[in-house]
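Undergrad: Have a look at this one before I ask anything.
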Amino acid sequence: MLLVASYLFYGAWDARFLLLIALSTVVDFLVAQRITAASEKKIAKRWCTLSIAVNLGLLGVFKYYDFFVESFAGLLSSLFGYETNLLSLGIVLPVGISFYTFQTLSYTIDVYRGHTKPARDLLDFALYVSYFPQLVAGPIERSHRLLPQIVEPRKNREGDFAAGLYLVIAGLFAKVVVADNMAFVCNGIFAAPADQIGGIDRLVGIYAFAFQIYGDFYGYSSIARGISRWMGIDLMANFHMPYFARSPSDFWNRWHISLSSWLRDYLYIPLGGNRGSKLFTYRNLMLTMLLGGLWHGAGWTFVLWGLYQGLLLCAYRPFESRIRLSKPSIIRRLIGTFVFFNLVCLGWLFFRAESIAQVGIFLREIFTNFHPTVLTAYGLKMLLFFAGPFLLFEIWLSRRNELLALTKVRWGWRAAAYTYAVYMLLIYQPLRSSEFIYFQF
Amino acid sequence: MNSSISSFRGSEWKVLVAVALAVVALEIASRMMAPSLDSDRTHIHAFPELIGEMKNADHPRVLAYGNSLLKFGLDEDLLAEELTEATAALCHVTKITPVGTAVRDWNYLYETYFTRTDTHPEVVVIGFVAHHLPDDGELKMRRLARHFCSSANLWNCLREETADFDTRVVGALSHLSAIYGDQYELQWGSVHWFVPEYTQEVRKINRWLDDQDARAVRTKAKTAKSPPQEAPPKTYRQLAHLIAQFKEHGVRAYFVPMPQPEIWKLDPAMVETVNQGGATMVDARAIAGMTKEDFSDGYHLGKSGTKKFTRFLAKVLAAELGDQE
């Protein structure tokens, strides 16, 4: 029934792409069987390579083909003045393709590595690939976590309803109240005519985007987890208060955890990880983050964002262990968190900008035009009004060191918190609605 | 789902009941606050009273029907005075002019407040400019369903006005709930306490975003391989229905293209619809002696413009009423 629901859910957007997900499912199911049945490692490797080729091939055609063709044509034109008519296909990007492709890839690689057993039933495996709460925007689940939960009969667990309720309300609040209201501020500032706003306005716009993307993505993941808990399935936490990070590796242990751990396990470590010279490690970090950036979208601003994240990781690397092991005073911790939050925000500028030229304008204005306007006051107050309470709640969670801490307090407190969230959801829906950002990836 | 049941049996039902009670309290508070949310809501909540007064008033009863163009552009006391003087009959003028409305809203509003109470004026004057009468006007579902529809015509409205499931749900929820139907007004009212710059900056951002959307449409049109298609001709189904409603109840309808700083073009298809329905067009686009200074904001009439327009209308209506007698 969950499989039918999942296929209906995906098909409701565009039934044609059901074929794509079905193809990916059947190929990986069969390949995993072949890998296990292979008498020699060499043959198993061939099957694994086939799975990687098919999955990355689909991703390449549907997500990156047009980008590379257009970039190549642009390069020819700017370098040699040679105008080409390369075939741009104008392909519609299937929703969630990056997520389910990575999920199925991890499955075949894990079967090849012997970390997981192949699924026995095609329908169970099909549900693993297409499980609707996390199909379009993750978390990217590993087979050893999700498959057994699908195969085994679901258990009657204490606390699932309460946890699910909390996760769904928190997710809705993060998406509708925080992300979508911040989207209005951010989109306005990014759309403003250059001469009508100052550098501080632009900085406020980037801060607004920081909370938009966090609320948006955390919100989706949280709702997916909440719904799953109600169905007896435990999805991994994809976020762990990321803006309290004090270093890049700390950040990537808190932000989009399912992707960063995927990149670590299936890219960074196979590339050699840190098992070589410093230069070799830096190369691996840069490559991993560049590809991570490209995973987010077929555009140069995403490549730039990946490059920036790689540089941050490299730059912080000599101090990482000191930062991780140190126990600084609250003031120093606050300063460290604030400084790193701003570095993350600088990265968000690359991520959000519509072009590299816009990145340049924003950077120039931020560092040269310090005149606040009425928009500055408006933007800061909107940040305080919508993102402030969310941040305070996370500080409380952080002090309790428990993501589900609210489900463990007395019911009256929980009711008060939910009432506030529902009130905000009912009254402060955004002026313009926004789609989930990660649907496009 | 079984897995959830045990924890629901714990304390979570208390949480849900508490939240549900809080939502009910919020709904009651929203209904109580609704008439004072803004001047437009105050006006809307006064409809039953205004229409009740009209029902008991002397004949001929004139209904000034429209939006902010008539709200600010017509002096009802002056019109009543001038008409009474000209026709020697005690005239009563009622103004029903919720802001930002157009023909779709006027249709449902008339059904809900006039037809259902069987109260009709002898004359209705509808003030408009070009974008108020075609069928493709913006659908403001929340307010339409909440304030201009009754339970009798709500389903028809949801079925006829949109094919989009989400918008239908929004309409149904808005009709049932004041929190939902008046959400934007509740939001604006409360955010203002914390963000005094809210209105001004939201307008600015909306303008920037609209400009950006328009630029994107232009760019898309430029890069499109197929030649740009001409906009389809405007249709006037709603207008025809409104005129038919008036006709059915013996109401003489006068459609008044309102004055604007620049003279604007009338769509021949619209004129034809008005004429075919048996209504009368009173062209007020260029009133003698009216200048740009008669407008307060480049769109609405100011004090002097209101007087000029009201006198112009009184003169035309007096002649019409005289002819009818």
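Order determines the names: the first chain of the structure tokens is A, the second B, and so forth; residues in each chain are numbered 1 upward, and ligands are numbered 1 upward as they are shown.
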Provide as a PyMOL selection string the residues of chain A at most 8 Å from chain B, counting only C-alpha atoms.
TA: chain A and resi 154-162+184-185+187-189+191-193+229-232+374-375+377-378+381-382+385+411-412+414-416+418-419+422-423+426-428+431
Undergrad: Could you pull out the residues in segment 43-283 of chain A that DSSP calls helix (DSSP H, G or I) from the backbone, as number ranges by chain?
TA: A: 43-80, 97-113, 122-130, 132-135, 143-151, 160-191, 194-196, 199-230, 242-244, 248-252, 257-271, 278-283
Undergrad: Using only C-alpha atoms, which of the listed residues (B:Gly137, B:Gly181, B:Gly73, B:Pro232) sits closest to Thr101 of chain B?
TA: B:Gly137
Undergrad: Residues within 10 Å of Leu139 of chain B, please, as a PyMOL selection string. Count only C-alpha atoms; anything in the same chain fewer than 2 positions from it doesn't count.
TA: chain B and resi 101-102+104-105+135-137+141-144+161-162+167
Undergrad: Ranking B:Pro261, B:Pro121, B:Gly127, B:Gly278 by minimum distance to Asp297 of chain B and counting only C-alpha atoms, which one comes first?
TA: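 The closest residue to Asp297 of chain B is B:Pro261.
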